[in-house]
Amino acid sequence: MAQDDYIQEIKDYYDQVAKAIKICNSIDEIDKMDCGLYKTELTVNSDGIDWGGSGNFSRMIEIWFDGDPKYCDQCGENGIGVVKKITMDEQSALNKYHYEYLYNNGRLIFHYEKQEVVGYDGEEKKMEHRYYLDEIGLGRYIANQRIYNRGEISEEVFEKIKKIKERSSGFLQLFLLSLK
C-alpha cells in the first residue's frame, strides 16, 4: 500500500471516530447508550487555581472506547483494542495545549498536538504537529503545514515520537486501571 493511501485511511478513520464522538457529545443522557462509544474522564485541578508557581493550571483527559475490554476477544491480551481516541487539554498560565491520540486495534496510528504559547516577550506562538504512524513506525510528520515523509524526518522528531508513545502507553494503562 502506498504511503499516501495509508495516510488517507488514517484521515478517514479519524473523521469516522470524530463524527461518532460529536454525536455522543450532542445527544441526551437517556440516548447515550445508542451512541456506540463510552467516555472516561480525568480532570486534574478542575478549578484551575494556582498550581505552585506555574500560575493557573488544569488538565482534562478524555478516553473514548467502544466496549468493555473484558468482553472483547479480538482486542488483544489486555483488551486495549477497545480504545479509539484519547484527548488531553491543558492550560498552564496563559499557555494552552491540546493533544490527541488515535488508536486502531490497540495501536497508536496518529498523534496531534496544538500549542498556543505566550513567550516572555508577550508574543503568542501557535504550533501544530501531526504524526502518522504505520506498521514500521513514523511514516509522516507535519509541522505547521510543512510535510516530512519518512526519509526526511529528523532524529529529533523520532526521539519525540518515542516520548509520545510512552505517554500514550501511560494513558492506556490509566484506562485499564480505571476499570478495575
# chains A, B, ... in the order shown; residues from 1 in each chain; ligands from 1
$ select_by_dssp --residues "stretch 52-173 of chain A" --states "helix (DSSP H, G or I)" --output "PDB file with N, CA and C atoms, in the first residue's frame"
ATOM      1  N   PRO A  69     -13.243  -4.048  27.810  1.00  0.00           N
ATOM      2  CA  PRO A  69     -12.123  -4.877  27.360  1.00  0.00           C
ATOM      3  C   PRO A  69     -12.227  -6.343  27.786  1.00  0.00           C
ATOM      4  N   LYS A  70     -12.930  -6.602  28.883  1.00  0.00           N
ATOM      5  CA  LYS A  70     -13.065  -7.985  29.372  1.00  0.00           C
ATOM      6  C   LYS A  70     -13.860  -8.848  28.404  1.00  0.00           C
ATOM      7  N   TYR A  71     -14.693  -8.229  27.602  1.00  0.00           N
ATOM      8  CA  TYR A  71     -15.577  -8.991  26.710  1.00  0.00           C
ATOM      9  C   TYR A  71     -15.229  -8.796  25.238  1.00  0.00           C
ATOM     10  N   ILE A  80      -7.089  -3.774  25.232  1.00  0.00           N
ATOM     11  CA  ILE A  80      -6.859  -2.356  24.985  1.00  0.00           C
ATOM     12  C   ILE A  80      -7.372  -1.916  23.613  1.00  0.00           C
ATOM     13  N   GLY A  81      -7.678  -2.861  22.744  1.00  0.00           N
ATOM     14  CA  GLY A  81      -8.172  -2.547  21.407  1.00  0.00           C
ATOM     15  C   GLY A  81      -9.515  -1.834  21.380  1.00  0.00           C
ATOM     16  N   VAL A  82     -10.195  -1.751  22.532  1.00  0.00           N
ATOM     17  CA  VAL A  82     -11.476  -1.034  22.565  1.00  0.00           C
ATOM     18  C   VAL A  82     -11.278   0.481  22.547  1.00  0.00           C
ATOM     19  N   ARG A 150       8.905   9.863   5.518  1.00  0.00           N
ATOM     20  CA  ARG A 150       9.803   9.016   6.299  1.00  0.00           C
ATOM     21  C   ARG A 150      11.288   9.355   6.118  1.00  0.00           C
ATOM     22  N   GLY A 151      11.767   9.494   4.954  1.00  0.00           N
ATOM     23  CA  GLY A 151      13.187   9.755   4.720  1.00  0.00           C
ATOM     24  C   GLY A 151      13.642  11.164   5.064  1.00  0.00           C
ATOM     25  N   GLU A 152      12.706  12.056   5.339  1.00  0.00           N
ATOM     26  CA  GLU A 152      13.025  13.464   5.592  1.00  0.00           C
ATOM     27  C   GLU A 152      12.881  13.864   7.063  1.00  0.00           C
ATOM     28  N   GLU A 155      16.112  13.134  13.389  1.00  0.00           N
ATOM     29  CA  GLU A 155      16.292  12.269  14.558  1.00  0.00           C
ATOM     30  C   GLU A 155      15.581  12.850  15.778  1.00  0.00           C
ATOM     31  N   GLU A 156      15.542  14.162  15.875  1.00  0.00           N
ATOM     32  CA  GLU A 156      14.860  14.832  16.985  1.00  0.00           C
ATOM     33  C   GLU A 156      13.372  14.473  17.012  1.00  0.00           C
ATOM     34  N   VAL A 157      12.754  14.414  15.846  1.00  0.00           N
ATOM     35  CA  VAL A 157      11.334  14.060  15.763  1.00  0.00           C
ATOM     36  C   VAL A 157      11.136  12.589  16.130  1.00  0.00           C
ATOM     37  N   PHE A 158      12.056  11.721  15.709  1.00  0.00           N
ATOM     38  CA  PHE A 158      11.956  10.308  16.082  1.00  0.00           C
ATOM     39  C   PHE A 158      12.079  10.133  17.598  1.00  0.00           C
ATOM     40  N   GLU A 159      12.913  10.934  18.235  1.00  0.00           N
ATOM     41  CA  GLU A 159      13.025  10.904  19.698  1.00  0.00           C
ATOM     42  C   GLU A 159      11.725  11.391  20.338  1.00  0.00           C
ATOM     43  N   LYS A 160      11.125  12.400  19.745  1.00  0.00           N
ATOM     44  CA  LYS A 160       9.863  12.930  20.270  1.00  0.00           C
ATOM     45  C   LYS A 160       8.757  11.887  20.179  1.00  0.00           C
ATOM     46  N   ILE A 161       8.723  11.117  19.076  1.00  0.00           N
ATOM     47  CA  ILE A 161       7.662  10.119  18.931  1.00  0.00           C
ATOM     48  C   ILE A 161       7.829   9.015  19.977  1.00  0.00           C
ATOM     49  N   LYS A 162       9.049   8.739  20.408  1.00  0.00           N
ATOM     50  CA  LYS A 162       9.252   7.761  21.493  1.00  0.00           C
ATOM     51  C   LYS A 162       8.573   8.246  22.767  1.00  0.00           C
ATOM     52  N   LYS A 163       8.713   9.529  23.072  1.00  0.00           N
ATOM     53  CA  LYS A 163       8.073  10.105  24.263  1.00  0.00           C
ATOM     54  C   LYS A 163       6.554  10.111  24.115  1.00  0.00           C
ATOM     55  N   ILE A 164       6.083  10.377  22.915  1.00  0.00           N
ATOM     56  CA  ILE A 164       4.638  10.357  22.653  1.00  0.00           C
ATOM     57  C   ILE A 164       4.094   8.947  22.890  1.00  0.00           C
ATOM     58  N   LYS A 165       4.806   7.937  22.412  1.00  0.00           N
ATOM     59  CA  LYS A 165       4.374   6.552  22.611  1.00  0.00           C
ATOM     60  C   LYS A 165       4.392   6.175  24.091  1.00  0.00           C
ATOM     61  N   GLU A 166       5.372   6.667  24.840  1.00  0.00           N
ATOM     62  CA  GLU A 166       5.421   6.405  26.278  1.00  0.00           C
ATOM     63  C   GLU A 166       4.212   7.019  26.980  1.00  0.00           C
ATOM     64  N   ARG A 167       3.893   8.257  26.639  1.00  0.00           N
ATOM     65  CA  ARG A 167       2.727   8.916  27.241  1.00  0.00           C
ATOM     66  C   ARG A 167       1.450   8.179  26.841  1.00  0.00           C
ATOM     67  N   SER A 168       1.356   7.779  25.582  1.00  0.00           N
ATOM     68  CA  SER A 168       0.211   7.024  25.100  1.00  0.00           C
ATOM     69  C   SER A 168       0.038   5.740  25.901  1.00  0.00           C
ATOM     70  N   SER A 169       1.122   5.034  26.116  1.00  0.00           N
ATOM     71  CA  SER A 169       1.083   3.797  26.890  1.00  0.00           C
ATOM     72  C   SER A 169       0.593   4.066  28.319  1.00  0.00           C
ATOM     73  N   GLY A 170       1.030   5.169  28.899  1.00  0.00           N
ATOM     74  CA  GLY A 170       0.576   5.544  30.235  1.00  0.00           C
ATOM     75  C   GLY A 170      -0.924   5.804  30.269  1.00  0.00           C
ATOM     76  N   PHE A 171      -1.449   6.481  29.241  1.00  0.00           N
ATOM     77  CA  PHE A 171      -2.886   6.722  29.172  1.00  0.00           C
ATOM     78  C   PHE A 171      -3.665   5.411  29.052  1.00  0.00           C
ATOM     79  N   LEU A 172      -3.141   4.491  28.249  1.00  0.00           N
ATOM     80  CA  LEU A 172      -3.811   3.198  28.092  1.00  0.00           C
ATOM     81  C   LEU A 172      -3.824   2.430  29.421  1.00  0.00           C
ATOM     82  N   GLN A 173      -2.729   2.487  30.153  1.00  0.00           N
ATOM     83  CA  GLN A 173      -2.669   1.847  31.465  1.00  0.00           C
ATOM     84  C   GLN A 173      -3.642   2.508  32.437  1.00  0.00           C
TER      85      GLN A 173
END
$ select_by_dssp --residues "chain A" --states "strand (DSSP E or B)" --output "PyMOL selection string"
chain A and resi 38-44+50+56-65+83-92+95-104+107-118+124-133+138-143+146-149
$ closest_residue --among "A:Leu42, A:Val118, A:Ala93, A:Ile109" --to "A:Gly139" --atoms "only C-alpha atoms"
A:Ile109
$ atom_distance --atom1 "atom CA of A:Ile136" --atom2 "atom CA of A:Met88"
25.9 Å
$ residues_around --residues "A:Tyr6" --least-positions-apart "6" --cutoff "12 Å" --atoms "only C-alpha atoms" --output "PyMOL selection string"
chain A and resi 12-13+109-110+132-135+138-140
$ write_last_selection --atoms "N, CA and C atoms" --output "CSV table (one decimal), in the first residue's frame"
chain,number,residue,atom,x,y,z
A,12,ASP,N,-9.5,9.1,7.2
A,12,ASP,CA,-10.8,8.7,7.1
A,12,ASP,C,-11.3,8.1,8.4
A,13,TYR,N,-10.4,7.3,9.0
A,13,TYR,CA,-10.7,6.7,10.3
A,13,TYR,C,-10.9,7.8,11.4
A,109,ILE,N,-2.0,5.1,15.9
A,109,ILE,CA,-1.7,5.3,14.5
A,109,ILE,C,-1.6,6.8,14.1
A,110,PHE,N,-2.0,7.7,15.1
A,110,PHE,CA,-1.9,9.1,14.8
A,110,PHE,C,-1.9,9.9,16.1
A,132,TYR,N,1.9,10.6,11.8
A,132,TYR,CA,1.2,9.5,11.2
A,132,TYR,C,2.1,8.3,11.4
A,133,LEU,N,1.6,7.2,12.0
A,133,LEU,CA,2.4,6.0,12.3
A,133,LEU,C,1.8,4.8,11.5
A,134,ASP,N,2.7,4.1,10.9
A,134,ASP,CA,2.3,2.8,10.2
A,134,ASP,C,2.9,1.6,10.9
A,135,GLU,N,2.9,0.5,10.3
A,135,GLU,CA,3.5,-0.7,10.9
A,135,GLU,C,5.0,-0.6,11.2
A,138,LEU,N,7.1,5.8,12.3
A,138,LEU,CA,6.6,7.1,11.9
A,138,LEU,C,6.8,7.3,10.4
A,139,GLY,N,5.6,7.4,9.7
A,139,GLY,CA,5.6,7.5,8.3
A,139,GLY,C,5.6,8.9,7.7
A,140,ARG,N,4.9,9.8,8.5
A,140,ARG,CA,4.8,11.2,8.0
A,140,ARG,C,4.7,12.0,9.3
$ residues_around --residues "A:Glu41" --least-positions-apart "6" --cutoff "10 Å" --atoms "only C-alpha atoms" --output "NGL selection string"
:A and (60-64 or 86-88 or 175 or 178)
$ write_last_selection --atoms "N, CA and C atoms" --output "compact mmCIF listing (two decimals), in the first residue's frame"
# COMPACT_ATOMS: atom_id res chain seq x y z
N MET A 60 -7.47 18.10 31.43
CA MET A 60 -8.64 17.24 31.23
C MET A 60 -8.27 16.16 30.23
N ILE A 61 -8.47 14.92 30.63
CA ILE A 61 -8.20 13.77 29.76
C ILE A 61 -9.51 13.06 29.48
N GLU A 62 -9.78 12.79 28.21
CA GLU A 62 -10.96 12.02 27.80
C GLU A 62 -10.48 10.78 27.06
N ILE A 63 -11.00 9.64 27.47
CA ILE A 63 -10.68 8.36 26.81
C ILE A 63 -11.97 7.82 26.21
N TRP A 64 -11.99 7.69 24.90
CA TRP A 64 -13.16 7.21 24.17
C TRP A 64 -12.94 5.76 23.76
N ILE A 86 -7.92 9.22 22.58
CA ILE A 86 -7.67 9.87 23.85
C ILE A 86 -7.32 11.32 23.55
N THR A 87 -7.95 12.24 24.28
CA THR A 87 -7.60 13.65 24.14
C THR A 87 -7.16 14.19 25.49
N MET A 88 -6.28 15.17 25.45
CA MET A 88 -5.86 15.84 26.66
C MET A 88 -5.77 17.33 26.36
N PHE A 175 -6.42 3.92 31.63
CA PHE A 175 -7.73 3.43 31.22
C PHE A 175 -8.01 2.06 31.83
N SER A 178 -8.69 2.25 35.46
CA SER A 178 -9.99 2.85 35.78
C SER A 178 -11.11 1.85 35.77
$ atom_distance --atom1 "atom CA of A:Leu179" --atom2 "atom CA of A:Tyr112"
26.0 Å
$ closest_residue --among "A:Leu37, A:Ile153, A:Val44, A:Ile7" --to "A:Ser92" --atoms "only C-alpha atoms"
A:Val44
$ atom_distance --atom1 "atom CA of A:Asp4" --atom2 "atom CA of A:His111"
16.9 Å
$ residues_around --residues "A:Lys125" --least-positions-apart "6" --cutoff "10 Å" --atoms "only C-alpha atoms" --output "VMD selection string"
chain A and resid 95 115 to 119
$ closest_residue --among "A:Glu113, A:Ile147, A:Leu176, A:Gly52" --to "A:Asn78" --atoms "only C-alpha atoms"
A:Leu176
$ residues_around --residues "A:Lys85" --least-positions-apart "2" --cutoff "6 Å" --atoms "only C-alpha atoms" --output "PyMOL selection string"
chain A and resi 64+101-103
$ decode --residues "stretch 88-121 of chain A" --atoms "N, CA and C atoms" --output "PDB file, in the first residue's frame"
ATOM      1  N   MET A  88      -6.278  15.167  25.446  1.00  0.00           N
ATOM      2  CA  MET A  88      -5.858  15.845  26.659  1.00  0.00           C
ATOM      3  C   MET A  88      -5.769  17.329  26.364  1.00  0.00           C
ATOM      4  N   ASP A  89      -6.451  18.110  27.193  1.00  0.00           N
ATOM      5  CA  ASP A  89      -6.384  19.566  27.109  1.00  0.00           C
ATOM      6  C   ASP A  89      -5.768  20.072  28.397  1.00  0.00           C
ATOM      7  N   GLU A  90      -4.845  21.004  28.245  1.00  0.00           N
ATOM      8  CA  GLU A  90      -4.113  21.520  29.402  1.00  0.00           C
ATOM      9  C   GLU A  90      -4.005  23.028  29.290  1.00  0.00           C
ATOM     10  N   GLN A  91      -4.190  23.680  30.414  1.00  0.00           N
ATOM     11  CA  GLN A  91      -3.975  25.124  30.493  1.00  0.00           C
ATOM     12  C   GLN A  91      -2.990  25.364  31.618  1.00  0.00           C
ATOM     13  N   SER A  92      -1.958  26.118  31.319  1.00  0.00           N
ATOM     14  CA  SER A  92      -0.955  26.461  32.314  1.00  0.00           C
ATOM     15  C   SER A  92      -0.616  27.934  32.114  1.00  0.00           C
ATOM     16  N   ALA A  93      -1.006  28.749  33.094  1.00  0.00           N
ATOM     17  CA  ALA A  93      -0.858  30.206  32.986  1.00  0.00           C
ATOM     18  C   ALA A  93      -1.579  30.652  31.712  1.00  0.00           C
ATOM     19  N   LEU A  94      -0.891  31.305  30.787  1.00  0.00           N
ATOM     20  CA  LEU A  94      -1.519  31.776  29.553  1.00  0.00           C
ATOM     21  C   LEU A  94      -1.410  30.763  28.411  1.00  0.00           C
ATOM     22  N   ASN A  95      -0.744  29.658  28.660  1.00  0.00           N
ATOM     23  CA  ASN A  95      -0.466  28.674  27.612  1.00  0.00           C
ATOM     24  C   ASN A  95      -1.555  27.610  27.546  1.00  0.00           C
ATOM     25  N   LYS A  96      -1.901  27.206  26.306  1.00  0.00           N
ATOM     26  CA  LYS A  96      -2.905  26.169  26.087  1.00  0.00           C
ATOM     27  C   LYS A  96      -2.300  25.070  25.222  1.00  0.00           C
ATOM     28  N   TYR A  97      -2.614  23.837  25.594  1.00  0.00           N
ATOM     29  CA  TYR A  97      -2.104  22.674  24.875  1.00  0.00           C
ATOM     30  C   TYR A  97      -3.259  21.711  24.610  1.00  0.00           C
ATOM     31  N   HIS A  98      -3.275  21.138  23.422  1.00  0.00           N
ATOM     32  CA  HIS A  98      -4.280  20.137  23.061  1.00  0.00           C
ATOM     33  C   HIS A  98      -3.555  18.963  22.398  1.00  0.00           C
ATOM     34  N   TYR A  99      -3.838  17.751  22.885  1.00  0.00           N
ATOM     35  CA  TYR A  99      -3.201  16.542  22.369  1.00  0.00           C
ATOM     36  C   TYR A  99      -4.274  15.521  22.017  1.00  0.00           C
ATOM     37  N   GLU A 100      -4.062  14.796  20.932  1.00  0.00           N
ATOM     38  CA  GLU A 100      -4.960  13.717  20.532  1.00  0.00           C
ATOM     39  C   GLU A 100      -4.141  12.483  20.189  1.00  0.00           C
ATOM     40  N   TYR A 101      -4.656  11.340  20.611  1.00  0.00           N
ATOM     41  CA  TYR A 101      -4.049  10.042  20.321  1.00  0.00           C
ATOM     42  C   TYR A 101      -5.139   9.192  19.691  1.00  0.00           C
ATOM     43  N   LEU A 102      -4.911   8.708  18.477  1.00  0.00           N
ATOM     44  CA  LEU A 102      -5.893   7.896  17.765  1.00  0.00           C
ATOM     45  C   LEU A 102      -5.376   6.469  17.670  1.00  0.00           C
ATOM     46  N   TYR A 103      -6.255   5.517  18.008  1.00  0.00           N
ATOM     47  CA  TYR A 103      -5.870   4.102  18.050  1.00  0.00           C
ATOM     48  C   TYR A 103      -6.734   3.287  17.110  1.00  0.00           C
ATOM     49  N   ASN A 104      -6.129   2.254  16.554  1.00  0.00           N
ATOM     50  CA  ASN A 104      -6.851   1.267  15.771  1.00  0.00           C
ATOM     51  C   ASN A 104      -6.377  -0.100  16.234  1.00  0.00           C
ATOM     52  N   ASN A 105      -7.292  -0.873  16.798  1.00  0.00           N
ATOM     53  CA  ASN A 105      -6.968  -2.196  17.342  1.00  0.00           C
ATOM     54  C   ASN A 105      -5.827  -2.142  18.362  1.00  0.00           C
ATOM     55  N   GLY A 106      -5.847  -1.124  19.192  1.00  0.00           N
ATOM     56  CA  GLY A 106      -4.874  -1.017  20.273  1.00  0.00           C
ATOM     57  C   GLY A 106      -3.541  -0.405  19.886  1.00  0.00           C
ATOM     58  N   ARG A 107      -3.383  -0.039  18.634  1.00  0.00           N
ATOM     59  CA  ARG A 107      -2.113   0.527  18.163  1.00  0.00           C
ATOM     60  C   ARG A 107      -2.284   2.013  17.867  1.00  0.00           C
ATOM     61  N   LEU A 108      -1.359   2.817  18.390  1.00  0.00           N
ATOM     62  CA  LEU A 108      -1.357   4.246  18.105  1.00  0.00           C
ATOM     63  C   LEU A 108      -1.044   4.445  16.628  1.00  0.00           C
ATOM     64  N   ILE A 109      -1.959   5.132  15.921  1.00  0.00           N
ATOM     65  CA  ILE A 109      -1.740   5.347  14.488  1.00  0.00           C
ATOM     66  C   ILE A 109      -1.603   6.829  14.135  1.00  0.00           C
ATOM     67  N   PHE A 110      -1.997   7.709  15.080  1.00  0.00           N
ATOM     68  CA  PHE A 110      -1.947   9.136  14.792  1.00  0.00           C
ATOM     69  C   PHE A 110      -1.856   9.906  16.103  1.00  0.00           C
ATOM     70  N   HIS A 111      -1.053  10.950  16.078  1.00  0.00           N
ATOM     71  CA  HIS A 111      -0.961  11.853  17.227  1.00  0.00           C
ATOM     72  C   HIS A 111      -0.995  13.281  16.700  1.00  0.00           C
ATOM     73  N   TYR A 112      -1.761  14.126  17.393  1.00  0.00           N
ATOM     74  CA  TYR A 112      -1.892  15.533  17.028  1.00  0.00           C
ATOM     75  C   TYR A 112      -1.623  16.364  18.264  1.00  0.00           C
ATOM     76  N   GLU A 113      -0.910  17.461  18.086  1.00  0.00           N
ATOM     77  CA  GLU A 113      -0.733  18.392  19.198  1.00  0.00           C
ATOM     78  C   GLU A 113      -0.775  19.821  18.685  1.00  0.00           C
ATOM     79  N   LYS A 114      -1.433  20.635  19.485  1.00  0.00           N
ATOM     80  CA  LYS A 114      -1.548  22.061  19.180  1.00  0.00           C
ATOM     81  C   LYS A 114      -1.146  22.817  20.436  1.00  0.00           C
ATOM     82  N   GLN A 115      -0.289  23.801  20.253  1.00  0.00           N
ATOM     83  CA  GLN A 115       0.189  24.585  21.392  1.00  0.00           C
ATOM     84  C   GLN A 115      -0.005  26.058  21.083  1.00  0.00           C
ATOM     85  N   GLU A 116      -0.570  26.752  22.041  1.00  0.00           N
ATOM     86  CA  GLU A 116      -0.681  28.208  21.979  1.00  0.00           C
ATOM     87  C   GLU A 116       0.087  28.724  23.189  1.00  0.00           C
ATOM     88  N   VAL A 117       1.281  29.235  22.929  1.00  0.00           N
ATOM     89  CA  VAL A 117       2.209  29.594  23.991  1.00  0.00           C
ATOM     90  C   VAL A 117       2.493  31.086  23.940  1.00  0.00           C
ATOM     91  N   VAL A 118       2.465  31.716  25.100  1.00  0.00           N
ATOM     92  CA  VAL A 118       2.808  33.129  25.205  1.00  0.00           C
ATOM     93  C   VAL A 118       4.220  33.217  25.784  1.00  0.00           C
ATOM     94  N   GLY A 119       5.128  33.812  25.012  1.00  0.00           N
ATOM     95  CA  GLY A 119       6.513  33.932  25.437  1.00  0.00           C
ATOM     96  C   GLY A 119       6.704  35.032  26.471  1.00  0.00           C
ATOM     97  N   TYR A 120       7.912  35.107  26.990  1.00  0.00           N
ATOM     98  CA  TYR A 120       8.229  36.142  27.977  1.00  0.00           C
ATOM     99  C   TYR A 120       8.067  37.549  27.405  1.00  0.00           C
ATOM    100  N   ASP A 121       8.184  37.643  26.085  1.00  0.00           N
ATOM    101  CA  ASP A 121       8.022  38.941  25.428  1.00  0.00           C
ATOM    102  C   ASP A 121       6.553  39.293  25.178  1.00  0.00           C
TER     103      ASP A 121
END
